[in-house]
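Dumped query-v9.pdb below, it's PDB, C-alpha atoms:
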ATOM      1  CA  MET B   1       0.000   0.000   0.000
ATOM      2  CA  ALA B   2       1.282   3.468  -0.809
ATOM      3  CA  TYR B   3      -0.539   6.707  -0.436
ATOM      4  CA  ILE B   4      -0.335   9.390  -3.144
ATOM      5  CA  ALA B   5       1.408  12.483  -1.839
ATOM      6  CA  VAL B   6       1.642  15.611  -3.959
ATOM      7  CA  ASN B   7       3.820  17.800  -1.781
ATOM      8  CA  SER B   8       7.159  17.686  -3.568
ATOM      9  CA  SER B   9       8.116  19.383  -6.806
ATOM     10  CA  ASP B  10       8.315  16.108  -8.734
ATOM     11  CA  SER B  11       4.862  15.045  -7.570
ATOM     12  CA  PHE B  12       2.744  18.134  -8.177
ATOM     13  CA  VAL B  13      -0.682  17.433  -9.631
ATOM     14  CA  THR B  14      -0.452  18.299 -13.318
ATOM     15  CA  LEU B  15      -3.324  19.035 -15.684
ATOM     16  CA  LYS B  16      -2.450  19.201 -19.379
ATOM     17  CA  ILE B  17      -4.859  20.175 -22.124
ATOM     18  CA  ASN B  18      -4.926  20.373 -25.889
ATOM     19  CA  ASN B  19      -7.792  21.777 -27.936
ATOM     20  CA  SER B  20      -5.949  22.504 -31.150
ATOM     21  CA  GLY B  21      -8.069  20.154 -33.238
ATOM     22  CA  THR B  22      -9.801  16.819 -33.398
ATOM     23  CA  PHE B  23      -7.951  13.712 -32.319
ATOM     24  CA  ALA B  24      -8.881  10.054 -32.305
ATOM     25  CA  SER B  25      -7.979   9.810 -28.626
ATOM     26  CA  ALA B  26      -6.637  11.859 -25.731
ATOM     27  CA  THR B  27      -3.419   9.857 -25.951
ATOM     28  CA  LEU B  28      -2.848  11.110 -29.500
ATOM     29  CA  ALA B  29      -3.761  14.641 -28.425
ATOM     30  CA  MET B  30      -1.142  14.513 -25.664
ATOM     31  CA  ALA B  31       1.443  13.250 -28.148
ATOM     32  CA  ASP B  32       0.918  16.487 -30.085
ATOM     33  CA  THR B  33       3.230  18.173 -27.577
ATOM     34  CA  ALA B  34       3.565  21.496 -29.420
ATOM     35  CA  ASN B  35      -0.081  22.225 -28.684
ATOM     36  CA  VAL B  36      -0.287  20.773 -25.192
ATOM     37  CA  TYR B  37      -0.055  23.137 -22.268
ATOM     38  CA  THR B  38      -0.145  22.765 -18.517
ATOM     39  CA  VAL B  39      -2.791  24.611 -16.524
ATOM     40  CA  PRO B  40      -0.754  26.416 -13.874
ATOM     41  CA  ALA B  41      -1.546  27.359 -10.288
ATOM     42  CA  LEU B  42      -4.139  24.714  -9.504
ATOM     43  CA  GLN B  43      -5.507  25.274  -6.030
ATOM     44  CA  GLU B  44      -7.702  22.239  -5.741
ATOM     45  CA  ILE B  45      -8.931  19.510  -8.004
ATOM     46  CA  THR B  46     -11.728  16.965  -7.666
ATOM     47  CA  VAL B  47     -12.315  14.028  -9.947
ATOM     48  CA  ASN B  48     -15.934  12.927 -10.181
ATOM     49  CA  ALA B  49     -16.709   9.508 -11.648
ATOM     50  CA  THR B  50     -20.281   8.774 -10.796
ATOM     51  CA  PRO B  51     -22.218   5.897 -12.330
ATOM     52  CA  GLY B  52     -25.909   6.602 -12.658
ATOM     53  CA  ILE B  53     -28.058   4.273 -10.606
ATOM     54  CA  PHE B  54     -31.585   3.128 -11.384
ATOM     55  CA  ARG B  55     -33.413   1.747  -8.351
ATOM     56  CA  TRP B  56     -36.662  -0.088  -8.053
ATOM     57  CA  LYS B  57     -38.693  -1.888  -5.414
ATOM     58  CA  GLN B  58     -40.410  -5.233  -5.643
ATOM     59  CA  LEU B  59     -43.144  -6.664  -3.518
ATOM     60  CA  ASP B  60     -41.209  -9.917  -3.034
ATOM     61  CA  THR B  61     -38.003  -8.398  -1.571
ATOM     62  CA  LEU B  62     -37.258  -6.394   1.559
ATOM     63  CA  SER B  63     -34.628  -4.166  -0.073
ATOM     64  CA  GLU B  64     -34.389  -2.124  -3.250
ATOM     65  CA  ASN B  65     -32.767  -3.437  -6.383
ATOM     66  CA  ALA B  66     -30.367  -1.368  -8.427
ATOM     67  CA  LEU B  67     -28.557  -1.341 -11.713
ATOM     68  CA  THR B  68     -26.145   1.101 -13.216
ATOM     69  CA  THR B  69     -26.860   3.550 -15.982
ATOM     70  CA  SER B  70     -24.446   5.897 -17.783
ATOM     71  CA  SER B  71     -21.738   7.534 -15.683
ATOM     72  CA  THR B  72     -21.344  11.261 -15.259
ATOM     73  CA  ASN B  73     -17.653  12.115 -15.328
ATOM     74  CA  SER B  74     -16.080  15.470 -14.634
ATOM     75  CA  VAL B  75     -13.029  17.163 -13.175
ATOM     76  CA  GLU B  76     -13.543  20.243 -11.025
ATOM     77  CA  CYS B  77     -10.664  22.605 -10.364
ATOM     78  CA  THR B  78      -9.978  25.963  -8.860
ATOM     79  CA  ILE B  79      -7.164  27.948 -10.423
ATOM     80  CA  VAL B  80      -5.356  31.203  -9.865
ATOM     81  CA  LEU B  81      -5.659  32.922 -13.230
ATOM     82  CA  ASP B  82      -2.445  33.110 -15.202
ATOM     83  CA  ASP B  83      -2.430  35.953 -17.693
ATOM     84  CA  SER B  84      -0.801  33.898 -20.421
ATOM     85  CA  THR B  85      -2.679  30.593 -20.302
ATOM     86  CA  PHE B  86      -5.987  32.264 -19.542
ATOM     87  CA  PHE B  87      -6.024  34.720 -22.442
ATOM     88  CA  GLU B  88      -3.416  33.714 -24.985
ATOM     89  CA  GLN B  89      -3.180  30.943 -27.504
ATOM     90  CA  GLN B  90      -0.663  28.233 -26.579
ATOM     91  CA  GLY B  91       0.611  26.786 -29.813
ATOM     92  CA  ASP B  92      -2.589  26.097 -31.742
ATOM     93  CA  SER B  93      -4.568  25.556 -28.554
ATOM     94  CA  TYR B  94      -6.874  28.254 -27.287
ATOM     95  CA  GLY B  95      -6.405  29.921 -23.928
ATOM     96  CA  ILE B  96      -8.780  28.876 -21.194
ATOM     97  CA  PHE B  97     -11.170  31.805 -21.629
ATOM     98  CA  ASP B  98     -11.501  31.327 -25.381
ATOM     99  CA  THR B  99     -11.869  27.587 -24.904
ATOM    100  CA  VAL B 100     -14.864  28.113 -22.647
ATOM    101  CA  THR B 101     -16.534  30.833 -24.701
ATOM    102  CA  GLY B 102     -15.816  29.022 -27.983
ATOM    103  CA  LYS B 103     -17.048  25.708 -26.547
ATOM    104  CA  TYR B 104     -14.086  23.857 -28.023
ATOM    105  CA  LEU B 105     -13.670  20.162 -27.336
ATOM    106  CA  THR B 106     -10.605  19.766 -25.165
ATOM    107  CA  TYR B 107      -8.414  16.738 -24.597
ATOM    108  CA  PHE B 108      -6.910  16.506 -21.160
ATOM    109  CA  ARG B 109      -4.579  14.401 -19.071
ATOM    110  CA  LEU B 110      -4.436  14.656 -15.298
ATOM    111  CA  TYR B 111      -1.314  13.326 -13.599
ATOM    112  CA  TRP B 112      -2.118  12.338 -10.045
ATOM    113  CA  ALA B 113       1.386  12.907  -8.706
ATOM    114  CA  GLY B 114       3.508  14.662 -11.269
ATOM    115  CA  ASP B 115       4.786  14.035 -14.756
ATOM    116  CA  GLY B 116       8.377  12.986 -14.303
ATOM    117  CA  ALA B 117      10.915  11.423 -16.593
ATOM    118  CA  GLY B 118      10.081   7.829 -15.704
ATOM    119  CA  ALA B 119       7.308   5.617 -17.024
ATOM    120  CA  SER B 120       5.436   5.201 -13.775
ATOM    121  CA  ASP B 121       3.443   8.408 -13.486
ATOM    122  CA  ARG B 122      -0.231   7.573 -13.192
ATOM    123  CA  TYR B 123      -2.769   9.627 -15.076
ATOM    124  CA  ILE B 124      -6.337   9.722 -16.275
ATOM    125  CA  GLU B 125      -7.274  11.294 -19.576
ATOM    126  CA  GLY B 126     -10.199  11.946 -21.814
ATOM    127  CA  SER B 127     -11.990  14.646 -23.728
ATOM    128  CA  ALA B 128     -14.154  17.321 -22.192
ATOM    129  CA  TYR B 129     -15.806  20.654 -22.524
ATOM    130  CA  LEU B 130     -14.672  23.373 -20.157
ATOM    131  CA  SER B 131     -17.469  24.989 -18.170
ATOM    132  CA  ALA B 132     -18.399  26.691 -14.900
ATOM    133  CA  LEU B 133     -15.776  29.369 -15.371
ATOM    134  CA  ALA B 134     -16.515  32.093 -12.807
ATOM    135  CA  PRO B 135     -13.495  34.354 -12.232
ATOM    136  CA  THR B 136     -13.718  36.338  -9.046
ATOM    137  CA  VAL B 137     -11.693  38.890  -7.166
ATOM    138  CA  SER B 138     -12.401  40.966  -4.066
ATOM    139  CA  PRO B 139     -10.688  43.550  -1.882
ATOM    140  CA  ASP B 140      -9.908  40.856   0.679
ATOM    141  CA  SER B 141      -8.565  38.478  -1.943
ATOM    142  CA  PRO B 142      -7.144  40.719  -4.674
ATOM    143  CA  VAL B 143      -5.964  38.008  -7.026
ATOM    144  CA  TRP B 144      -8.190  36.591  -9.722
ATOM    145  CA  THR B 145      -9.211  32.991  -9.104
ATOM    146  CA  SER B 146     -11.813  30.849 -10.786
ATOM    147  CA  PRO B 147     -13.468  27.484 -10.585
ATOM    148  CA  ILE B 148     -13.490  25.502 -13.788
ATOM    149  CA  THR B 149     -15.103  22.192 -14.621
ATOM    150  CA  LEU B 150     -14.084  19.742 -17.298
ATOM    151  CA  GLU B 151     -17.330  18.078 -18.318
ATOM    152  CA  VAL B 152     -15.991  14.799 -19.618
ATOM    153  CA  VAL B 153     -17.278  13.373 -22.872
ATOM    154  CA  GLY B 154     -17.472   9.597 -22.432
ATOM    155  CA  ASP B 155     -15.039   7.628 -20.303
ATOM    156  CA  PHE B 156     -11.982   8.390 -18.295
ATOM    157  CA  THR B 157      -9.012   6.331 -19.386
ATOM    158  CA  SER B 158      -6.225   5.627 -16.961
ATOM    159  CA  GLY B 159      -2.617   4.885 -17.743
ATOM    160  CA  GLN B 160       1.011   5.361 -16.802
ATOM    161  CA  ASP B 161       3.890   7.066 -18.543
TER     162      ASP B 161
ATOM    163  CA  MET K  20      10.189  56.268  -0.808
ATOM    164  CA  SER K  21       9.671  53.842   2.070
ATOM    165  CA  ILE K  22       6.303  53.518   3.759
ATOM    166  CA  ARG K  23       7.729  55.112   6.906
ATOM    167  CA  ASP K  24       9.053  58.089   4.950
ATOM    168  CA  THR K  25       5.703  58.497   3.184
ATOM    169  CA  ILE K  26       3.762  58.497   6.443
ATOM    170  CA  MET K  27       6.233  60.846   8.109
ATOM    171  CA  ALA K  28       5.953  63.302   5.222
ATOM    172  CA  ASN K  29       2.170  63.150   5.283
ATOM    173  CA  VAL K  30       1.885  63.484   9.058
ATOM    174  CA  THR K  31       4.294  66.440   8.947
ATOM    175  CA  THR K  32       1.968  68.176   6.508
ATOM    176  CA  ALA K  33      -1.174  67.198   8.407
ATOM    177  CA  LEU K  34       0.108  68.418  11.773
ATOM    178  CA  THR K  35       1.562  71.716  10.573
ATOM    179  CA  GLY K  36       0.041  74.497  12.678
ATOM    180  CA  THR K  37      -1.201  72.114  15.379
ATOM    181  CA  SER K  38       0.135  71.785  18.896
ATOM    182  CA  VAL K  39       1.986  68.535  18.098
ATOM    183  CA  SER K  40       5.355  68.471  16.338
ATOM    184  CA  ILE K  41       7.100  65.614  14.558
ATOM    185  CA  SER K  42      10.225  63.763  15.566
ATOM    186  CA  SER K  43      12.191  62.004  12.867
ATOM    187  CA  GLU K  44      13.812  59.800  15.509
ATOM    188  CA  LEU K  45      12.650  56.293  16.225
ATOM    189  CA  PRO K  46      10.830  55.935  19.559
ATOM    190  CA  TRP K  47      13.867  54.465  21.303
ATOM    191  CA  GLU K  48      14.123  54.251  25.052
ATOM    192  CA  SER K  49      16.321  56.360  27.288
ATOM    193  CA  GLY K  50      16.783  55.145  30.841
ATOM    194  CA  GLY K  51      13.973  52.655  30.375
ATOM    195  CA  THR K  52      11.498  55.317  29.287
ATOM    196  CA  PRO K  53      10.401  55.662  25.671
ATOM    197  CA  LEU K  54      11.134  59.022  24.100
ATOM    198  CA  TYR K  55       7.484  59.725  23.390
ATOM    199  CA  GLU K  56       6.749  59.545  27.123
ATOM    200  CA  LYS K  57       9.505  62.005  27.895
ATOM    201  CA  ASN K  58       8.763  64.386  25.066
ATOM    202  CA  MET K  59       5.079  65.110  25.139
ATOM    203  CA  LYS K  60       3.242  66.548  22.159
ATOM    204  CA  LYS K  61       5.678  64.968  19.716
ATOM    205  CA  PHE K  62       4.765  62.359  17.127
ATOM    206  CA  TYR K  63       7.099  59.366  16.920
ATOM    207  CA  LEU K  64       6.919  56.591  14.349
ATOM    208  CA  SER K  65       8.559  53.176  14.717
ATOM    209  CA  ALA K  66      10.551  51.367  12.068
ATOM    210  CA  ALA K  67       8.534  49.125   9.762
ATOM    211  CA  SER K  68       8.008  45.424  10.456
ATOM    212  CA  LYS K  69       7.355  43.140   7.506
ATOM    213  CA  ASN K  70       5.729  39.755   7.234
ATOM    214  CA  ILE K  71       5.421  37.725   4.029
ATOM    215  CA  THR K  72       2.631  35.133   3.934
ATOM    216  CA  GLN K  73       0.759  33.081   1.362
ATOM    217  CA  ASN K  74      -2.288  34.789  -0.101
ATOM    218  CA  GLN K  75      -3.179  31.951  -2.482
ATOM    219  CA  ILE K  76      -1.812  28.437  -2.063
ATOM    220  CA  THR K  77      -1.467  26.296  -5.162
ATOM    221  CA  LEU K  78      -0.622  22.679  -5.829
ATOM    222  CA  ASP K  79       2.422  23.488  -7.986
ATOM    223  CA  ASN K  80       4.296  26.116  -5.959
ATOM    224  CA  ASN K  81       2.894  28.982  -8.035
ATOM    225  CA  ASP K  82       1.753  30.485  -4.732
ATOM    226  CA  VAL K  83       0.753  34.127  -4.500
ATOM    227  CA  TYR K  84       2.402  35.957  -1.624
ATOM    228  CA  GLN K  85       1.454  39.085   0.236
ATOM    229  CA  THR K  86       3.628  41.412   2.276
ATOM    230  CA  GLU K  87       2.196  42.908   5.443
ATOM    231  CA  THR K  88       3.930  46.021   6.759
ATOM    232  CA  THR K  89       3.159  47.333  10.220
ATOM    233  CA  LEU K  90       4.324  50.481  11.978
ATOM    234  CA  THR K  91       3.387  52.090  15.276
ATOM    235  CA  GLY K  92       3.087  55.794  15.965
ATOM    236  CA  PHE K  93       2.973  57.467  19.367
ATOM    237  CA  ILE K  94       1.881  60.792  20.785
ATOM    238  CA  ALA K  95       1.846  61.540  24.528
ATOM    239  CA  VAL K  96      -0.039  64.525  25.893
ATOM    240  CA  ASP K  97      -0.771  65.917  29.338
ATOM    241  CA  ALA K  98      -3.766  63.949  30.580
ATOM    242  CA  LYS K  99      -5.083  66.858  32.614
ATOM    243  CA  ASN K 100      -4.794  69.453  29.870
ATOM    244  CA  GLU K 101      -5.113  67.822  26.501
ATOM    245  CA  PRO K 102      -4.427  70.061  23.506
ATOM    246  CA  SER K 103      -7.606  71.714  22.282
ATOM    247  CA  ASP K 104      -6.887  70.490  18.740
ATOM    248  CA  ILE K 105      -6.354  66.838  19.732
ATOM    249  CA  SER K 106      -9.203  65.595  17.535
ATOM    250  CA  THR K 107      -7.656  67.324  14.501
ATOM    251  CA  ILE K 108      -4.316  65.758  15.334
ATOM    252  CA  ILE K 109      -5.804  62.279  15.705
ATOM    253  CA  SER K 110      -7.691  62.430  12.441
ATOM    254  CA  GLY K 111      -4.583  63.808  10.692
ATOM    255  CA  VAL K 112      -2.496  60.880  11.882
ATOM    256  CA  LEU K 113      -5.197  58.307  11.131
ATOM    257  CA  ASN K 114      -5.790  59.646   7.626
ATOM    258  CA  SER K 115      -2.083  59.657   6.803
ATOM    259  CA  LYS K 116      -2.510  55.961   5.966
ATOM    260  CA  ASN K 117      -4.142  57.069   2.711
ATOM    261  CA  SER K 118      -0.860  58.540   1.481
ATOM    262  CA  VAL K 119       0.690  55.090   1.047
ATOM    263  CA  THR K 120       0.173  53.714  -2.450
ATOM    264  CA  ASP K 121       0.101  50.247  -4.038
ATOM    265  CA  GLN K 122      -1.463  48.545  -1.027
ATOM    266  CA  PHE K 123      -4.789  46.759  -1.070
ATOM    267  CA  ILE K 124      -5.262  47.021   2.688
ATOM    268  CA  LEU K 125      -4.590  50.356   4.402
ATOM    269  CA  GLU K 126      -5.587  50.369   8.040
ATOM    270  CA  CYS K 127      -4.793  52.504  11.054
ATOM    271  CA  ASP K 128      -6.393  52.062  14.447
ATOM    272  CA  MET K 129      -5.798  54.053  17.577
ATOM    273  CA  THR K 130      -5.728  53.146  21.264
ATOM    274  CA  THR K 131      -5.210  55.330  24.296
ATOM    275  CA  GLU K 132      -3.527  54.527  27.588
ATOM    276  CA  LEU K 133      -3.040  56.561  30.729
ATOM    277  CA  LEU K 134       0.542  56.460  32.005
ATOM    278  CA  ASP K 135       0.926  58.506  35.185
ATOM    279  CA  ASP K 136      -0.061  62.026  34.176
ATOM    280  CA  ARG K 137       0.179  61.375  30.447
ATOM    281  CA  ASN K 138      -2.316  60.142  27.932
ATOM    282  CA  VAL K 139      -0.493  58.087  25.271
ATOM    283  CA  TYR K 140      -2.115  57.726  21.868
ATOM    284  CA  THR K 141      -0.856  54.690  19.971
ATOM    285  CA  PHE K 142      -1.483  54.424  16.217
ATOM    286  CA  ASN K 143      -1.162  50.996  14.614
ATOM    287  CA  TYR K 144      -0.664  51.129  10.849
ATOM    288  CA  ARG K 145      -1.168  48.030   8.741
ATOM    289  CA  PHE K 146      -0.538  47.792   5.003
ATOM    290  CA  VAL K 147      -0.828  44.726   2.800
ATOM    291  CA  THR K 148       0.242  44.347  -0.797
ATOM    292  CA  ILE K 149       0.492  41.465  -3.237
ATOM    293  CA  ASN K 150       4.093  40.613  -4.139
TER     294      ASN K 150
END
Could you render the structure as structure tokens?
Amino acid sequence: MAYIAVNSSDSFVTLKINNSGTFASATLAMADTANVYTVPALQEITVNATPGIFRWKQLDTLSENALTTSSTNSVECTIVLDDSTFFEQQGDSYGIFDTVTGKYLTYFRLYWAGDGAGASDRYIEGSAYLSALAPTVSPDSPVWTSPITLEVVGDFTSGQD
Amino acid sequence: MSIRDTIMANVTTALTGTSVSISSELPWESGGTPLYEKNMKKFYLSAASKNITQNQITLDNNDVYQTETTLTGFIAVDAKNEPSDISTIISGVLNSKNSVTDQFILECDMTTELLDDRNVYTFNYRFVTIN
């Protein structure tokens, strides 16, 4: 058993995205390195993988029955806005703001504990639409931050590299 | 210009023509007694203290830091016969916080304390800026 710590520089949670075009898979999109960029200054991240459940009751049993329906998958983050990646194009990929407003399909890969040189870094990947962008700033917290949700299209895929 | 210099310059302007003068010296102690207790009706301002803390914590060390600067000002007056313009003096010192620029928090609060026959006004300045 080994827990997943993210408190050293080689194990920082890393979220990479590419929305420069259409790819057959997220793996191919991540291989297009010139158009992949890392979302900086993540403050928190939550992975949601929730199978839908259909429940019903029968007169001949004392407990409900259940079966699964389609899953709802998403990744919720909070970020400190970075001037460059928020507004500017990164390679052929759109900045975060344009990605949301343009509703571009985005391929992503989330490394759970860093993207090092070895082949053992665990990740999940997929395609998603970015939503729930709500930048905010206040006198008591005078730095722009924003939640952002990756509404995943289809399945998460896990792997190591 | 340092924050201390800015406040000193502004307080000097604000208190011109009042019954309180300005000392450019730090409020050091002489014989165990602070200068502002010895020299009544003189404004003293301490050196600045700084504290750097995290304003926004991130998962990849792209943290946002803030610097908090605090200073303390002192005026002692005769407790029995306070200057008639003491309220003008107090508001002048309190409002001098507004002369400091590039800070997102500018605060100054005042407390009073009776020490023997003196009334000591203590002004606590607090400024916070994003690094």
(message) Would you mind listing, as a PyMOL selection string, all residues of chain B that have at least one atom within 12 Å of chain K, where all atoms listed in the file are what counts?
(response) chain B and resi 5-15+38-45+77-82+112-115+137-145
(request) Would you please work out which residue, of B:Ser127, B:Thr136, B:Thr50, B:Thr61, is nearest to Ala29 (chain B) when using all atoms listed in the file? (result) B:Ser127
What would the selection look like, as a compact mmCIF listing (two decimals) with C-alpha atoms, in the coordinates of the input, if the PyMOL selection byres ((chain B and resi 90-96) around 8) were run on the coordinates I just shared?
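Result file out23.txt:
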# COMPACT_ATOMS: atom_id res chain seq x y z
CA ASN B 18 -4.93 20.37 -25.89
CA ASN B 19 -7.79 21.78 -27.94
CA SER B 20 -5.95 22.50 -31.15
CA GLY B 21 -8.07 20.15 -33.24
CA ALA B 34 3.56 21.50 -29.42
CA ASN B 35 -0.08 22.22 -28.68
CA VAL B 36 -0.29 20.77 -25.19
CA TYR B 37 -0.06 23.14 -22.27
CA SER B 84 -0.80 33.90 -20.42
CA THR B 85 -2.68 30.59 -20.30
CA PHE B 86 -5.99 32.26 -19.54
CA PHE B 87 -6.02 34.72 -22.44
CA GLU B 88 -3.42 33.71 -24.98
CA GLN B 89 -3.18 30.94 -27.50
CA PHE B 97 -11.17 31.80 -21.63
CA ASP B 98 -11.50 31.33 -25.38
CA THR B 99 -11.87 27.59 -24.90
CA VAL B 100 -14.86 28.11 -22.65
For Ile148 (chain B), list every protein, DNA or RNA residue within 7 Å, evaluated using only C-alpha atoms, and leave out those in the same chain fewer than 5 positions away; present the list as a tab-separated table (two decimals) with C-alpha atoms, keeping the file's coordinate frame.
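For reference, result.tsv as written:
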chain	number	residue	atom	x	y	z
B	76	GLU	CA	-13.54	20.24	-11.02
B	77	CYS	CA	-10.66	22.60	-10.36
B	78	THR	CA	-9.98	25.96	-8.86
B	130	LEU	CA	-14.67	23.37	-20.16
B	131	SER	CA	-17.47	24.99	-18.17
B	132	ALA	CA	-18.40	26.69	-14.90
B	133	LEU	CA	-15.78	29.37	-15.37
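Between CA of Ser71 (chain B) and CA of Asp155 (chain B) there is a distance of 8.1 Å.
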(request) Return as a list of chain:residue names the set of residues that the PyMOL selection byres ((chain K and resi 126) around 6) yields on the displayed structure. (result)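 Taken on the displayed file, the PyMOL selection byres ((chain K and resi 126) around 6) yields the residues K:Leu125, K:Cys127, K:Tyr144, K:Arg145.
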